[in-house]
Each structure stands twice: as C-alpha cells, then as structure tokens.
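Reading through the structure tokens given below for one structure.
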Amino acid sequence: MELNQAVADGLTLTRRAALSGLALAGVTTLLARPTLAAAAGARTASQRSSKQQLGFALSHEQFMTPDLVDFAMRAEAAGFDGLWSSDHIQPWQENQGHAMFPWITLALVGARTQQSFFGTGVTTPTFRYDPAVVAQAFASLGVLYPGRPFLGLGTGEALNEQAASGSFPPYQERHDRLAEAVQLMRQLWSGDHITFNGRYYSVENLRIYDLPSQPIPVYIAGNGPKSARLAGNLGDGWITTAQGLATPAMHDAFRDGALAAGKDPDTMPILIEDYVVVGGQAEADEAATLWRFSPIGFQKLLYISDPREIQNQAMAQLPSPWDTWRDWLVSTDPDAHATHLQGLWDAGATHIFVHSGQQDQRRVLDFYGSEVIPRLG
C-alpha cells in the first residue's frame, strides 16, 4: 500500500474510532472486540509485508539491565525483529524504580542476541550527552554488531536534561541544538579529522578512528510539525505516535523535510511505540500505576525534573488507572493483538515496538511468540 493511501486510511479509521469512543492508539478490549483494522476491512495479518517490522520495548525505568537482556533474548527467540531501549538517567516516575545506563544494556543485548536490530528510543545528544560522545558510542556498537544498531534521537525531557546538566531551554533552542548535533555526528562518522565550530558545539581536529562497515541509521522523534520536518530533513526515519501517524500536518511536515533534502519520504521508516497489555483489568491497572504519566508526559510534565513530582502530578491529573490504559490494547485474544498491529502497519508505520508495562514480561513475550507473531505471517 502506498504511504499516502495508508495515511488516508488511517485518518478514516481514527475518525470512526473517535465517533465510537474507541482509542486512537488502539482499541482497548477486555472482550476481544474488533480492532480498527478489522472494522475497516484491512488486509489480514497473514499478508504482512517484509517492510513491516515488529520490535519489543526494553524499559530501563521499570527493570534492571540483567532482566532487560533476558527479555531481549526471549524476544528474539519469540520472533521479534528488533528491540529498542529507553535512554534515561532517572525514571519518569519514582515508583518505576530503575534507571541503569542504557548503552551498557545495548552492548550486552548485541552480544546475547544473534540478528535483532536494536537502538534507543530515544537519546538526547545535546545536554547530558555531548554529540561527539554519542557518535563514538554508536560507531563502536556498529563495529561490534555490523548492520544491527540504530540511533533514535529527540529533544529531551527535563527529568533527564535539567536534572543532569542544569539546562533545559525552550523547544526552539532544543530543536536547533539537535539539528546541529546530528550534523556534527554525521561529519564525525566520515572518518576524517573534523574541526567544527557551530553555534552550540565545537570540536577541533577530532577523528573517530573505529567506524562501522555499515552506516548507523538515525531516526528522529517528532510529535510536532517542526520535529517531524527535522526527522524528514536530517534523519533516516521518523519516530512518532499513533496520533502523529494519523495527523495530516505531521505527515506533510515529514514529507516536506525529506523532499527538501532530496529524499523519498515514501521509502523512509516510521517507528512507533505501542502500549499493550496481555491480560485483563488487573494487569492493566498494575501497568497504569507505573506508567500513569504516559498520556500527558510530553504535553504537561515535560518541564518537571523530579520523578516524584511527575508521579504526583500524574496521579492528580489522571486519578483512575483507566485514565491511563483506556488507549491501550488490553486483551488475551491473539487475533485482537495481530489485527491491531496490522492496522498500524496499514496506517503507515513500518516499525512497531510493543511496550507492555505489566510486571510479567515473560507472559507477554511467550504470548506473542506462540500466539500473535505466527498470525502475522
């Protein structure tokens, strides 16, 4: 399906969902109700395209590195194509309880898996990380695991940048810093001795000596038109949400950015994170307690640097767990999960990363491996 038509279909499905009270990001179902794709008569899951990749999200906020490496191994064995890791110096909420260093996790994931692609969702190469250090780190991952790592980038959150560096300026500066950081990293990946004097970053006669045999794909997160345009212009792909996937202005901005750089937007990856629960209300309530902030984090809590305050604000603004998980797919019906994923692919996503906030991650991985992925073809 061409991307424009997929987007149009996705918008139609979104409007239908809104009229019937269904969630944009996926139909929440305890009784295996049809998902958006099924309601629209989309193609069956058995017709999955080779460009439609399924990944699993590794949450450093909720689990320690040894557990995440175990989940990564189980995910590959279950049939997931790839993995992405959150990249935080502290969790969004205090009760999530963990925040180990993600690049160590990625190095271990690469060593313990055989072929899965993996990367960050997302790294901020502007304040707590210097872009030259990010360039070196991911070049090294590319040398160790050729063709497998990717680098997801974004403009950050106060809980990481403000907390660790004392700086988290308004969006326009963060946007401009990210654009400059990407340009510097790409120059450093050339293997030349680089002298760079930008507005925000400078290097002098710097060379990265060990470079991967294959380029590191750079995917840029964008939930607004300016960031979506940046993703098209300077990125190799776009990281967004189901809402962004179905918003015409966002797609137009992404396409405009890509075309301005001489790229074909229809061939560029679009990555999304998709919250699901394998279970019923008890499992959904459990996950929502830890991820209460998620519906409002990037709108209302972005400039709060203290996870304790984020948790308090999230609990106050979303007092019921249902307020959080109402937009998630909650089901033990494998057909509901498979058809839901196919609906997102049909709407234009190329890479979907399943994120389950429930504590029993092995149940999710076993369920997808035995029941869902075989239905995807």
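Scheme for the structure tokens: letters A, B, ... for chains in order shown; per-chain residue numbers from 1; ligand numbers from 1 in order shown.
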- Query: Got a sec to tell me which of segment 33-167 of chain A DSSP assigns to alpha helix (DSSP H), as a PyMOL selection string?
  - Reply: chain A and resi 36-39+65-78+102-112+131-144+161-165
- Task: Could you find all residues in segment 92-272 of chain A that DSSP calls strand (DSSP E or B) from the backbone, and write them as a ChimeraX atom specification?
- Result: /A:117-120,123,149-153,194-197,202-206,218-221,237-240,270-272
Prev. selection, C-alpha atoms, output as a PDB file, in the first residue's frame:
```
ATOM      1  CA  PHE A 117      18.320  -4.784  15.248  1.00  0.00           C
ATOM      2  CA  PHE A 118      18.441  -2.578  18.345  1.00  0.00           C
ATOM      3  CA  GLY A 119      18.756   1.031  19.418  1.00  0.00           C
ATOM      4  CA  THR A 120      17.446   3.831  21.587  1.00  0.00           C
ATOM      5  CA  THR A 123      18.764   9.509  23.101  1.00  0.00           C
ATOM      6  CA  PRO A 149      22.317  -0.774  15.830  1.00  0.00           C
ATOM      7  CA  PHE A 150      20.208   2.307  15.167  1.00  0.00           C
ATOM      8  CA  LEU A 151      20.215   5.649  16.954  1.00  0.00           C
ATOM      9  CA  GLY A 152      16.913   7.221  17.956  1.00  0.00           C
ATOM     10  CA  LEU A 153      17.214  10.917  18.823  1.00  0.00           C
ATOM     11  CA  ILE A 194      36.926  17.231  11.905  1.00  0.00           C
ATOM     12  CA  THR A 195      37.051  20.807  13.082  1.00  0.00           C
ATOM     13  CA  PHE A 196      33.540  22.077  13.715  1.00  0.00           C
ATOM     14  CA  ASN A 197      32.585  25.456  15.108  1.00  0.00           C
ATOM     15  CA  SER A 202      32.726  22.709  18.730  1.00  0.00           C
ATOM     16  CA  VAL A 203      35.371  20.075  18.089  1.00  0.00           C
ATOM     17  CA  GLU A 204      38.967  20.542  17.000  1.00  0.00           C
ATOM     18  CA  ASN A 205      40.806  18.060  14.786  1.00  0.00           C
ATOM     19  CA  LEU A 206      38.681  15.230  16.160  1.00  0.00           C
ATOM     20  CA  VAL A 218      19.414   7.925  12.656  1.00  0.00           C
ATOM     21  CA  TYR A 219      15.713   8.143  13.478  1.00  0.00           C
ATOM     22  CA  ILE A 220      14.412  11.409  14.927  1.00  0.00           C
ATOM     23  CA  ALA A 221      11.425  11.624  17.255  1.00  0.00           C
ATOM     24  CA  GLY A 237      13.370   7.962   9.515  1.00  0.00           C
ATOM     25  CA  TRP A 238      10.747   9.320  11.884  1.00  0.00           C
ATOM     26  CA  ILE A 239       9.746   8.209  15.372  1.00  0.00           C
ATOM     27  CA  THR A 240       6.199   9.227  16.272  1.00  0.00           C
ATOM     28  CA  ILE A 270       8.310   5.350  10.506  1.00  0.00           C
ATOM     29  CA  LEU A 271       8.681   3.939  14.021  1.00  0.00           C
ATOM     30  CA  ILE A 272       6.055   3.945  16.772  1.00  0.00           C
TER      31      ILE A 272
END
```
- Task: Please indicate the distance in Å from atom CA of Asn223 of chain A to atom CA of Glu161 of chain A, rounded to one decimal place.
- Result: 18.5 Å
Where does segment 130-207 of chain A meet segment 310-326 of chain A within 12 Å, residue by residue, with the nearest atom pair and distance in Å to one decimal for each, counting only C-alpha atoms, listed by chain and rising number, as CSV?
```
residue,atom,partner,partner_atom,distance
A:Glu157,CA,A:Ile310,CA,11.6
A:Ala158,CA,A:Ile310,CA,10.6
A:Leu159,CA,A:Ile310,CA,8.8
```
Let's have the selection written as a short mmCIF file (atom, residue, chain, number, x, y, z; two decimals), in the first residue's frame, with N, CA and C atoms.
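Wrote selection_2.cif, looks like this:
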```
data_model
loop_
_atom_site.label_atom_id
_atom_site.label_comp_id
_atom_site.auth_asym_id
_atom_site.auth_seq_id
_atom_site.Cartn_x
_atom_site.Cartn_y
_atom_site.Cartn_z
N GLU A 157 13.77 15.64 27.78
CA GLU A 157 12.82 15.96 28.86
C GLU A 157 13.60 16.53 30.03
N ALA A 158 12.94 17.34 30.82
CA ALA A 158 13.62 17.96 31.97
C ALA A 158 14.10 16.93 32.97
N LEU A 159 13.39 15.80 33.10
CA LEU A 159 13.78 14.80 34.10
C LEU A 159 15.16 14.22 33.79
#
```
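Neighbouring residues of Val109 of chain A at 9 Å or closer, counting only C-alpha atoms and skipping chain neighbours under 5 positions away, are A:Leu68, A:Val69, A:Asp70, A:Ala72, A:Met73, A:Leu83, A:Ile104, A:Ser116, A:Phe118.
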Convert the current residue selection to file output with C-alpha atoms, as a compact mmCIF listing (two decimals), in the first residue's frame.
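Here's the written file out08.txt:
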```txt
# COMPACT_ATOMS: atom_id res chain seq x y z
CA LEU A 68 16.26 -6.46 30.10
CA VAL A 69 18.96 -8.61 28.49
CA ASP A 70 16.92 -11.70 29.35
CA ALA A 72 15.83 -9.25 24.67
CA MET A 73 16.95 -12.86 24.27
CA LEU A 83 14.47 -4.07 20.20
CA ILE A 104 25.75 -0.92 28.52
CA SER A 116 17.91 -8.44 16.10
CA PHE A 118 18.44 -2.58 18.35
```
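Nearest to Gln90 of chain A of all the residues A:His193, A:Arg375, A:His60, A:Arg199 is A:His60, counting only C-alpha atoms.
When only C-alpha atoms are used to compute distances to Arg174 of chain A, the closest of the residues A:Leu144, A:Leu290, A:Leu230, A:Leu376 turns out to be A:Leu230.
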- Task: Identify which of the residues A:Asp256, A:Leu365, A:Lys263, A:His88 lies closest to Ala163 of chain A, counting only C-alpha atoms when measuring atom-to-atom distances.
- Result: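 Closest to Ala163 of chain A of all the choices is A:His88.
Comparing A:Gly257, A:Asn160, A:Asp335, A:Trp189 by their smallest distance to Ala132 of chain A, the closest is A:Trp189 (using only C-alpha atoms).
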- Query: From the list A:Gly280, A:Arg207, A:Glu309, A:Gly377, which residue is nearest Thr339 of chain A when using only C-alpha atoms?
  - Reply: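 Looking at the shortest contact to Thr339 of chain A, the residue is A:Gly377.
Of the residues listed (A:Asp274, A:His340, A:Leu188, A:Gln183), A:Leu188 shows the shortest atom-to-atom separation from Asp210 of chain A; distances use only C-alpha atoms.
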As an mmCIF file with C-alpha atoms, in the first residue's frame, please: the residues near Ala179 of chain A (cut-off 10 Å, only C-alpha atoms, same-chain neighbours under 2 positions excluded).
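File selection.cif, as written:
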```cif
data_model
loop_
_atom_site.group_PDB
_atom_site.id
_atom_site.type_symbol
_atom_site.label_atom_id
_atom_site.label_comp_id
_atom_site.auth_asym_id
_atom_site.auth_seq_id
_atom_site.Cartn_x
_atom_site.Cartn_y
_atom_site.Cartn_z
ATOM 1 C CA PRO A 125 22.628 14.309 22.241
ATOM 2 C CA THR A 126 22.529 17.893 23.442
ATOM 3 C CA GLY A 154 14.958 13.516 20.420
ATOM 4 C CA THR A 155 14.919 16.931 22.073
ATOM 5 C CA GLU A 173 16.748 26.015 21.195
ATOM 6 C CA ARG A 174 16.444 22.286 21.840
ATOM 7 C CA HIS A 175 15.368 21.806 18.216
ATOM 8 C CA ASP A 176 18.307 23.825 16.923
ATOM 9 C CA ARG A 177 20.766 22.024 19.188
ATOM 10 C CA ALA A 181 24.267 17.711 16.896
ATOM 11 C CA VAL A 182 23.080 15.473 14.033
ATOM 12 C CA GLN A 183 25.174 17.421 11.529
ATOM 13 C CA LEU A 184 28.259 17.116 13.753
ATOM 14 C CA ILE A 220 14.412 11.409 14.927
ATOM 15 C CA SER A 227 10.347 17.995 14.803
ATOM 16 C CA LEU A 230 13.562 17.753 11.118
ATOM 17 C CA ALA A 231 13.117 13.971 11.044
ATOM 18 C CA ASN A 233 15.278 16.520 6.609
ATOM 19 C CA LEU A 234 18.170 15.269 8.764
ATOM 20 C CA GLY A 235 17.015 11.817 9.835
#
```
- Task: Record the distance separating atom CA of Arg186 of chain A and atom CA of His251 of chain A, expressed in Å with one decimal.
- Result: 24.6 Å
- Using only C-alpha atoms, determine which residues lie at most 9 Å from Ala139 of chain A, disregarding the query and same-chain residues fewer than 6 positions distant; provide the list as a list in words.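 What passes the distance filter is Trp189, Ile208, Asp210, Leu211, Pro212, Pro215 and Ile216 of chain A.
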- Interatomic distance between atom CA of His355 of chain A and atom CA of His337 of chain A?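 Interatomic distance here is 12.5 Å.
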